file start-v1.cif (mmCIF, C-alpha atoms and all ligand atoms)
data_query
#
loop_
_atom_site.label_atom_id
_atom_site.label_comp_id
_atom_site.auth_asym_id
_atom_site.auth_seq_id
_atom_site.Cartn_x
_atom_site.Cartn_y
_atom_site.Cartn_z
CA MET I 1 32.21 -34.13 -13.84
CA ASN I 2 30.67 -31.07 -15.35
CA LEU I 3 30.40 -27.84 -13.46
CA GLY I 4 28.00 -25.26 -14.80
CA SER I 5 28.66 -21.56 -14.50
CA GLU I 6 25.88 -19.01 -14.22
CA LEU I 7 25.44 -15.83 -16.18
CA GLY I 8 23.13 -13.07 -15.19
CA GLY I 9 23.20 -9.77 -13.39
CA ASP I 10 22.25 -6.37 -14.69
CA GLY I 11 23.84 -6.48 -18.12
CA ARG I 12 21.20 -7.81 -20.48
CA LEU I 13 23.09 -7.05 -23.67
CA PRO I 14 23.98 -9.91 -26.04
CA GLU I 15 27.61 -8.78 -26.24
CA VAL I 16 27.94 -8.80 -22.45
CA TRP I 17 26.58 -12.32 -22.29
CA ALA I 18 28.83 -13.42 -25.16
CA ASP I 19 31.88 -12.08 -23.28
CA ALA I 20 30.82 -13.96 -20.16
CA ALA I 21 30.36 -17.17 -22.17
CA ARG I 22 33.84 -16.84 -23.69
CA ALA I 23 35.31 -16.16 -20.24
CA GLY I 24 33.60 -19.28 -18.92
CA ARG I 25 35.10 -21.40 -21.68
CA GLU I 26 38.54 -19.91 -21.06
CA ALA I 27 38.15 -20.75 -17.36
CA GLY I 28 37.63 -24.39 -18.25
CA PHE I 29 33.83 -24.69 -18.20
CA ASP I 30 32.03 -26.47 -21.00
CA ALA I 31 28.52 -25.82 -19.70
CA MET I 32 26.69 -22.69 -18.64
CA LYS I 33 23.27 -21.83 -17.28
CA VAL I 34 21.55 -18.61 -18.19
CA TYR I 35 18.46 -16.67 -17.10
CA PRO I 36 17.48 -14.86 -20.30
CA LEU I 37 13.81 -14.16 -19.58
CA SER I 38 12.92 -11.07 -17.61
CA PRO I 39 9.98 -11.30 -15.16
CA VAL I 40 6.81 -11.69 -17.21
CA ARG I 41 3.05 -11.70 -16.87
CA ALA I 42 0.91 -14.80 -17.54
CA LEU I 43 1.27 -14.13 -21.26
CA GLU I 44 3.46 -11.56 -22.96
CA GLY I 45 3.86 -10.28 -26.47
CA THR I 46 7.03 -10.87 -28.41
CA GLY I 47 9.35 -8.50 -26.48
CA PRO I 48 10.70 -10.67 -23.65
CA ILE I 49 10.79 -13.77 -25.86
CA ARG I 50 12.78 -12.01 -28.58
CA GLU I 51 15.18 -10.64 -25.98
CA ALA I 52 15.67 -14.16 -24.56
CA GLU I 53 16.28 -15.49 -28.07
CA LYS I 54 18.97 -12.88 -28.71
CA LEU I 55 20.71 -13.50 -25.39
CA VAL I 56 20.75 -17.27 -25.75
CA GLY I 57 21.82 -16.94 -29.39
CA ALA I 58 24.77 -14.77 -28.35
CA VAL I 59 25.79 -17.30 -25.70
CA ARG I 60 25.51 -20.20 -28.15
CA GLU I 61 27.63 -18.44 -30.75
CA ALA I 62 30.30 -17.40 -28.24
CA ALA I 63 30.39 -20.67 -26.29
CA GLY I 64 30.52 -22.81 -29.39
CA GLY I 65 28.40 -25.63 -30.71
CA ASP I 66 29.94 -28.15 -28.31
CA ALA I 67 29.00 -26.26 -25.13
CA ASP I 68 26.06 -27.31 -22.99
CA ILE I 69 23.64 -24.43 -22.44
CA MET I 70 20.83 -24.60 -19.91
CA VAL I 71 18.06 -22.03 -19.57
CA ASP I 72 16.45 -21.44 -16.17
CA LEU I 73 13.01 -19.82 -16.23
CA HIS I 74 12.96 -19.97 -12.42
CA GLY I 75 9.25 -20.75 -12.25
CA ARG I 76 8.36 -17.26 -13.41
CA THR I 77 6.30 -18.43 -16.40
CA THR I 78 2.87 -19.96 -16.66
CA PRO I 79 2.77 -23.25 -18.59
CA ALA I 80 1.42 -21.41 -21.65
CA MET I 81 4.20 -18.83 -21.50
CA GLY I 82 6.83 -21.48 -20.78
CA ILE I 83 5.77 -23.34 -23.93
CA GLN I 84 6.12 -20.17 -26.01
CA VAL I 85 9.62 -19.54 -24.66
CA GLY I 86 10.63 -23.17 -25.11
CA ARG I 87 9.54 -23.20 -28.73
CA ALA I 88 11.45 -19.99 -29.43
CA LEU I 89 14.67 -21.28 -27.83
CA ALA I 90 14.53 -24.81 -29.23
CA PRO I 91 16.82 -24.05 -32.22
CA HIS I 92 19.68 -23.35 -29.79
CA GLN I 93 19.73 -27.00 -28.71
CA LEU I 94 19.59 -26.57 -24.97
CA LEU I 95 20.68 -29.30 -22.57
CA PHE I 96 17.51 -28.57 -20.60
CA LEU I 97 14.88 -25.93 -19.82
CA GLU I 98 14.54 -25.43 -16.08
CA GLU I 99 11.38 -24.65 -14.10
CA PRO I 100 9.04 -23.58 -16.92
CA CYS I 101 6.36 -23.17 -14.22
CA GLN I 102 5.97 -23.46 -10.47
CA PRO I 103 6.38 -27.03 -9.17
CA GLY I 104 3.13 -27.42 -7.22
CA ASP I 105 1.09 -28.61 -10.22
CA VAL I 106 2.84 -31.61 -11.74
CA ASP I 107 0.32 -31.86 -14.59
CA ALA I 108 1.29 -28.34 -15.65
CA ILE I 109 4.94 -29.43 -15.96
CA VAL I 110 3.81 -32.47 -17.94
CA GLU I 111 1.89 -30.11 -20.25
CA VAL I 112 5.07 -28.14 -21.01
CA ALA I 113 7.27 -31.22 -21.31
CA ARG I 114 4.99 -32.78 -23.92
CA ALA I 115 4.70 -29.55 -25.94
CA ILE I 116 8.34 -28.62 -26.55
CA PRO I 117 11.39 -30.49 -27.87
CA ILE I 118 13.63 -29.56 -24.91
CA PRO I 119 14.19 -31.79 -21.85
CA ILE I 120 12.66 -30.28 -18.71
CA ALA I 121 14.53 -29.94 -15.39
CA THR I 122 12.83 -29.10 -12.10
CA GLY I 123 12.75 -29.83 -8.38
CA GLU I 124 14.93 -27.24 -6.64
CA ARG I 125 12.00 -26.21 -4.40
CA LEU I 126 11.13 -29.77 -3.36
CA ALA I 127 12.77 -31.43 -0.40
CA THR I 128 11.44 -34.95 0.23
CA ARG I 129 10.98 -38.20 -1.67
CA ASN I 130 7.22 -37.74 -1.26
CA GLU I 131 7.32 -34.38 -3.03
CA PHE I 132 9.34 -35.86 -5.89
CA HIS I 133 7.20 -38.99 -6.20
CA GLU I 134 4.44 -37.64 -8.48
CA LEU I 135 6.97 -35.77 -10.63
CA ILE I 136 8.92 -38.95 -11.25
CA ASP I 137 5.88 -41.24 -11.52
CA LYS I 138 4.37 -39.06 -14.28
CA ARG I 139 7.75 -38.61 -16.02
CA ALA I 140 7.09 -34.90 -15.90
CA CYS I 141 10.76 -34.05 -16.42
CA ALA I 142 14.01 -35.46 -17.77
CA VAL I 143 16.12 -34.10 -14.90
CA VAL I 144 15.38 -33.71 -11.17
CA GLN I 145 17.23 -31.06 -9.18
CA PRO I 146 17.17 -31.84 -5.45
CA ASN I 147 19.38 -29.64 -3.28
CA ALA I 148 21.59 -31.43 -0.74
CA CYS I 149 21.17 -28.55 1.71
CA TYR I 150 17.37 -28.86 1.65
CA CYS I 151 17.02 -32.64 1.30
CA GLY I 152 20.04 -33.92 3.18
CA ILE I 153 22.50 -36.42 1.78
CA SER I 154 20.51 -39.61 2.39
CA GLU I 155 17.22 -38.22 1.10
CA LEU I 156 18.86 -36.86 -2.06
CA ARG I 157 20.30 -40.32 -2.69
CA ARG I 158 16.83 -41.87 -2.31
CA ILE I 159 15.27 -39.29 -4.66
CA ALA I 160 18.00 -40.00 -7.23
CA GLY I 161 17.30 -43.72 -6.94
CA MET I 162 13.59 -43.17 -7.54
CA ALA I 163 14.40 -41.00 -10.57
CA GLU I 164 16.78 -43.61 -11.97
CA THR I 165 13.94 -46.14 -12.24
CA SER I 166 12.19 -43.75 -14.66
CA PHE I 167 15.24 -42.84 -16.77
CA ILE I 168 15.39 -39.41 -15.11
CA ALA I 169 18.81 -37.84 -14.50
CA VAL I 170 19.94 -35.83 -11.45
CA ALA I 171 21.50 -32.38 -11.59
CA PRO I 172 21.75 -31.28 -7.94
CA HIS I 173 20.57 -27.72 -7.34
CA ASN I 174 23.63 -25.94 -6.00
CA PRO I 175 23.69 -22.21 -5.46
CA ASN I 176 25.36 -23.24 -2.20
CA GLY I 177 28.72 -22.38 -0.72
CA LEU I 178 31.85 -24.45 -1.09
CA ILE I 179 30.97 -26.97 1.60
CA GLY I 180 27.55 -27.60 0.04
CA THR I 181 29.26 -27.92 -3.33
CA MET I 182 31.71 -30.48 -1.96
CA VAL I 183 28.79 -32.51 -0.57
CA SER I 184 27.18 -32.38 -4.01
CA ILE I 185 30.44 -33.52 -5.63
CA HIS I 186 30.52 -36.56 -3.34
CA LEU I 187 26.89 -37.31 -4.21
CA ALA I 188 27.65 -36.92 -7.90
CA LEU I 189 30.36 -39.54 -7.62
CA ALA I 190 27.91 -41.98 -6.03
CA LEU I 191 24.84 -41.49 -8.27
CA PRO I 192 24.72 -43.52 -11.51
CA ASN I 193 22.21 -41.08 -13.01
CA PHE I 194 24.18 -37.93 -12.16
CA LEU I 195 24.16 -35.48 -15.08
CA ILE I 196 25.79 -32.17 -14.17
CA LEU I 197 26.50 -29.93 -11.16
CA GLU I 198 26.07 -26.18 -11.17
CA GLN I 199 28.12 -23.85 -9.02
CA VAL I 200 28.17 -20.14 -8.29
CA ARG I 201 31.54 -18.57 -9.01
CA ASP I 202 31.56 -14.86 -8.31
CA ASP I 203 28.81 -13.84 -5.88
CA VAL I 204 31.26 -12.63 -3.18
CA PRO I 205 35.00 -12.05 -3.61
CA TRP I 206 35.89 -14.16 -0.55
CA ARG I 207 33.91 -17.22 -1.74
CA GLY I 208 37.04 -19.33 -2.23
CA GLU I 209 38.73 -18.26 1.00
CA ILE I 210 36.55 -19.98 3.60
CA VAL I 211 37.94 -23.48 3.00
CA ASP I 212 41.52 -24.70 2.96
CA GLU I 213 41.39 -26.46 -0.40
CA TYR I 214 38.97 -26.63 -3.28
CA PRO I 215 39.02 -28.71 -6.47
CA GLU I 216 39.50 -26.66 -9.63
CA ALA I 217 37.43 -27.57 -12.67
CA LYS I 218 39.55 -28.76 -15.58
CA GLY I 219 37.75 -28.97 -18.88
CA GLY I 220 34.44 -29.03 -17.04
CA TYR I 221 35.46 -31.79 -14.66
CA VAL I 222 36.89 -32.03 -11.14
CA ASP I 223 38.97 -34.83 -9.66
CA PRO I 224 37.35 -36.86 -6.87
CA PRO I 225 38.21 -35.54 -3.39
CA THR I 226 40.75 -37.76 -1.62
CA ARG I 227 40.53 -36.45 1.95
CA PRO I 228 38.27 -37.95 4.65
CA GLY I 229 34.76 -36.66 5.28
CA ILE I 230 33.53 -33.83 3.10
CA GLY I 231 37.13 -33.26 2.05
CA VAL I 232 37.71 -29.65 3.05
CA GLU I 233 38.23 -27.78 6.30
CA LEU I 234 36.31 -24.61 7.08
CA ILE I 235 38.60 -21.69 7.93
CA GLU I 236 36.54 -20.38 10.82
CA GLU I 237 38.23 -16.98 11.12
CA VAL I 238 37.37 -16.16 7.51
CA ALA I 239 33.79 -17.42 7.91
CA ALA I 240 33.38 -15.43 11.15
CA ALA I 241 34.54 -12.28 9.36
CA HIS I 242 31.55 -12.61 7.00
CA PRO I 243 28.47 -13.29 9.17
CA GLY I 244 25.27 -14.31 7.44
CA HIS I 245 22.80 -11.70 6.40
CA SER I 246 19.40 -11.68 4.75
CA PRO I 247 19.47 -9.89 1.40
CA PRO I 248 16.44 -7.79 0.52
CA PRO I 249 13.78 -9.82 -1.33
CA HIS I 250 13.88 -9.71 -5.12
CA LEU I 251 10.90 -7.85 -6.50
CA ALA I 252 9.74 -7.27 -10.04
CA ASN I 253 6.79 -5.30 -11.34
CA ALA I 254 4.76 -5.26 -14.55
CA PRO I 255 4.32 -1.87 -16.28
CA ASP I 256 1.02 -1.41 -14.43
CA GLY I 257 2.72 -2.04 -11.08
CA ALA I 258 1.48 -5.61 -10.63
CA LEU I 259 3.89 -7.82 -8.69
CA LEU I 260 5.64 -10.45 -10.84
CA ASP I 261 7.49 -13.61 -9.87
CA TRP I 262 11.14 -12.60 -9.96
MG MG T 1 16.99 -22.92 -10.82
#
call {"tool": "encode", "arguments": {"input": "start-v1.cif", "output": "structure tokens", "more": "lines below"}}
Ligand SMILES: [Mg+2]
result
Amino acid sequence: MNLGSELGGDGRLPEVWADAARAGREAGFDAMKVYPLSPVRALEGTGPIREAEKLVGAVREAAGGDADIMVDLHGRTTPAMGIQVGRALAPHQLLFLEEPCQPGDVDAIVEVARAIPIPIATGERLATRNEFHELIDKRACAVVQPNACYCGISELRRIAGMAETSFIAVAPHNPNGLIGTMVSIHLALALPNFLILEQVRDDVPWRGEIVDEYPEAKGGYVDPPTRPGIGVELIEEVAAAHPGHSPPPHLANAPDGALLDW
């Protein structure tokens, strides 16, 4: 089973990203997802695209030719801009390009998918089989990304089954905590068209402390859980010491002050 690691944060220098890619490989990951495009307007000049090219190029060189690299545009591009970015990044042989536009217009995703030589992944903002139906029926993407915490276990399994009939793989969306990740691992073991599972590694220092046991990735894979149920126990005192909070919304602005999709 693959586990993807995520790169990002404030450092947008190629050498910083290369260091992170090397650290990911040393930690046993053979796949990584990156967010190389800054918030953009409907169309941009060459600046953001060239920056994205440099960042992805640095990751490819540091991670090695055998690593799987995924680029997430996080729905911040229009179809026209997503096509421009996809064409620029194509030489880096990405596993997939994620959310090259917002998911509400399936024909727009089809437009991007048919215009670039990179498989498209999408679906993290969709929650029901009905919302995934048109996406799958039109073969708008190569990979669907339902989130077990939004869809529920049974609905995610149904969505994966629908996708399988159209040769579409499943890469569960998983910025979730360790319990959500364990649920996704169980689903991955049960889905014939499972492709890869992402996980967040370093958002909070106590991330690994709220459960009593957690499978370590070895060479990009984890062993199947052997315990009953989800397979881990929540350590309630640790969880209670870190109550939930709402982070401030992410905001991004164009040079003229216009609000951009972050
Ligand atoms: Mg995403």
call {"tool": "residues_around", "arguments": {"input": "start-v1.cif", "residues": "Pro36 (chain I)", "least_positions_apart": "6", "cutoff": "12 Å", "atoms": "only C-alpha atoms", "output": "MDAnalysis selection string"}}
result
chainID I and resid 6:14 17 48:59 69:74 76 85:86 89 97:98
call {"tool": "write_last_selection", "arguments": {"input": "start-v1.cif", "atoms": "C-alpha atoms", "output": "CSV table (one decimal), keeping the file's coordinate frame"}}
result
chain,number,residue,atom,x,y,z
I,6,GLU,CA,25.9,-19.0,-14.2
I,7,LEU,CA,25.4,-15.8,-16.2
I,8,GLY,CA,23.1,-13.1,-15.2
I,9,GLY,CA,23.2,-9.8,-13.4
I,10,ASP,CA,22.2,-6.4,-14.7
I,11,GLY,CA,23.8,-6.5,-18.1
I,12,ARG,CA,21.2,-7.8,-20.5
I,13,LEU,CA,23.1,-7.0,-23.7
I,14,PRO,CA,24.0,-9.9,-26.0
I,17,TRP,CA,26.6,-12.3,-22.3
I,48,PRO,CA,10.7,-10.7,-23.6
I,49,ILE,CA,10.8,-13.8,-25.9
I,50,ARG,CA,12.8,-12.0,-28.6
I,51,GLU,CA,15.2,-10.6,-26.0
I,52,ALA,CA,15.7,-14.2,-24.6
I,53,GLU,CA,16.3,-15.5,-28.1
I,54,LYS,CA,19.0,-12.9,-28.7
I,55,LEU,CA,20.7,-13.5,-25.4
I,56,VAL,CA,20.8,-17.3,-25.8
I,57,GLY,CA,21.8,-16.9,-29.4
I,58,ALA,CA,24.8,-14.8,-28.4
I,59,VAL,CA,25.8,-17.3,-25.7
I,69,ILE,CA,23.6,-24.4,-22.4
I,70,MET,CA,20.8,-24.6,-19.9
I,71,VAL,CA,18.1,-22.0,-19.6
I,72,ASP,CA,16.4,-21.4,-16.2
I,73,LEU,CA,13.0,-19.8,-16.2
I,74,HIS,CA,13.0,-20.0,-12.4
I,76,ARG,CA,8.4,-17.3,-13.4
I,85,VAL,CA,9.6,-19.5,-24.7
I,86,GLY,CA,10.6,-23.2,-25.1
I,89,LEU,CA,14.7,-21.3,-27.8
I,97,LEU,CA,14.9,-25.9,-19.8
I,98,GLU,CA,14.5,-25.4,-16.1
call {"tool": "residues_around", "arguments": {"input": "start-v1.cif", "residues": "Gly75 (chain I)", "least_positions_apart": "2", "cutoff": "8 Å", "atoms": "all atoms listed in the file", "output": "mmCIF file with C-alpha atoms, keeping the file's coordinate frame"}}
result
data_model
loop_
_atom_site.group_PDB
_atom_site.id
_atom_site.type_symbol
_atom_site.label_atom_id
_atom_site.label_comp_id
_atom_site.auth_asym_id
_atom_site.auth_seq_id
_atom_site.Cartn_x
_atom_site.Cartn_y
_atom_site.Cartn_z
ATOM 1 C CA LEU I 73 13.010 -19.820 -16.230
ATOM 2 C CA THR I 77 6.300 -18.430 -16.400
ATOM 3 C CA THR I 78 2.870 -19.960 -16.660
ATOM 4 C CA GLU I 99 11.380 -24.650 -14.100
ATOM 5 C CA PRO I 100 9.040 -23.580 -16.920
ATOM 6 C CA CYS I 101 6.360 -23.170 -14.220
ATOM 7 C CA GLN I 102 5.970 -23.460 -10.470
ATOM 8 C CA PRO I 103 6.380 -27.030 -9.170
ATOM 9 C CA ASP I 261 7.490 -13.610 -9.870
#
call {"tool": "atom_distance", "arguments": {"input": "start-v1.cif", "atom1": "CA of Arg157 (chain I)", "atom2": "CA of Phe132 (chain I)"}}
result
12.3 Å
call {"tool": "residues_around", "arguments": {"input": "start-v1.cif", "residues": "region 214-223 of chain I", "least_positions_apart": "2", "cutoff": "9 Å", "atoms": "all atoms listed in the file", "output": "PyMOL selection string"}}
result
chain I and resi 1-4+25+27-31+178+182+185+208+211-212+225-226+231-232
call {"tool": "residues_around", "arguments": {"input": "start-v1.cif", "residues": "Gln93 (chain I)", "least_positions_apart": "6", "cutoff": "10 Å", "atoms": "all atoms listed in the file", "output": "list in words"}}
result
Arg60, Gly65, Ala67, Asp68, Ile69, Met70, Pro117 and Ile118 of chain I
call {"tool": "residues_near_point", "arguments": {"input": "start-v1.cif", "point": "(13.3, -32.2, -15.1)", "cutoff": "10 Å", "atoms": "only C-alpha atoms", "output": "list in words"}}
result
Phe96, Leu97, Glu98, Glu99, Pro100, Ile109, Val110, Ala113, Pro119, Ile120, Ala121, Thr122, Gly123, Glu124, Leu135, Ile136, Arg139, Ala140, Cys141, Ala142, Val143, Val144, Gln145, Ala163, Ile168, Ala169, Val170 and Ala171 of chain I
call {"tool": "write_last_selection", "arguments": {"input": "start-v1.cif", "atoms": "C-alpha atoms", "output": "short mmCIF file (atom, residue, chain, number, x, y, z; two decimals), in the frame of the given file"}}
result
data_model
loop_
_atom_site.label_atom_id
_atom_site.label_comp_id
_atom_site.auth_asym_id
_atom_site.auth_seq_id
_atom_site.Cartn_x
_atom_site.Cartn_y
_atom_site.Cartn_z
CA PHE I 96 17.51 -28.57 -20.60
CA LEU I 97 14.88 -25.93 -19.82
CA GLU I 98 14.54 -25.43 -16.08
CA GLU I 99 11.38 -24.65 -14.10
CA PRO I 100 9.04 -23.58 -16.92
CA ILE I 109 4.94 -29.43 -15.96
CA VAL I 110 3.81 -32.47 -17.94
CA ALA I 113 7.27 -31.22 -21.31
CA PRO I 119 14.19 -31.79 -21.85
CA ILE I 120 12.66 -30.28 -18.71
CA ALA I 121 14.53 -29.94 -15.39
CA THR I 122 12.83 -29.10 -12.10
CA GLY I 123 12.75 -29.83 -8.38
CA GLU I 124 14.93 -27.24 -6.64
CA LEU I 135 6.97 -35.77 -10.63
CA ILE I 136 8.92 -38.95 -11.25
CA ARG I 139 7.75 -38.61 -16.02
CA ALA I 140 7.09 -34.90 -15.90
CA CYS I 141 10.76 -34.05 -16.42
CA ALA I 142 14.01 -35.46 -17.77
CA VAL I 143 16.12 -34.10 -14.90
CA VAL I 144 15.38 -33.71 -11.17
CA GLN I 145 17.23 -31.06 -9.18
CA ALA I 163 14.40 -41.00 -10.57
CA ILE I 168 15.39 -39.41 -15.11
CA ALA I 169 18.81 -37.84 -14.50
CA VAL I 170 19.94 -35.83 -11.45
CA ALA I 171 21.50 -32.38 -11.59
#
call {"tool": "axis_aligned_box", "arguments": {"input": "start-v1.cif", "around": "region 159-171 of chain I", "padding_each_side": "3 Å", "output": "AutoDock Vina command-line options"}}
result
--center_x 16.8 --center_y -39.3 --center_z -10.7 --size_x 15.3 --size_y 19.8 --size_z 18.1
call {"tool": "closest_residue", "arguments": {"input": "start-v1.cif", "among": "I:Lys138, I:Gly229, I:Glu44, I:Arg125", "to": "Asp107 (chain I)", "atoms": "all atoms listed in the file"}}
result
I:Lys138
call {"tool": "closest_residue", "arguments": {"input": "start-v1.cif", "among": "I:Gln199, I:Asn176, I:Ser38, I:Thr165", "to": "Tyr150 (chain I)", "atoms": "all atoms listed in the file"}}
result
I:Asn176
call {"tool": "residues_near_point", "arguments": {"input": "start-v1.cif", "point": "(22.3, -13.6, 0.7)", "cutoff": "12 Å", "atoms": "all atoms listed in the file", "output": "list in words"}}
result
Pro175, Asn176, Gly177, Asp203, Val204, His242, Pro243, Gly244, His245, Ser246, Pro247, Pro248, Pro249 and His250 of chain I
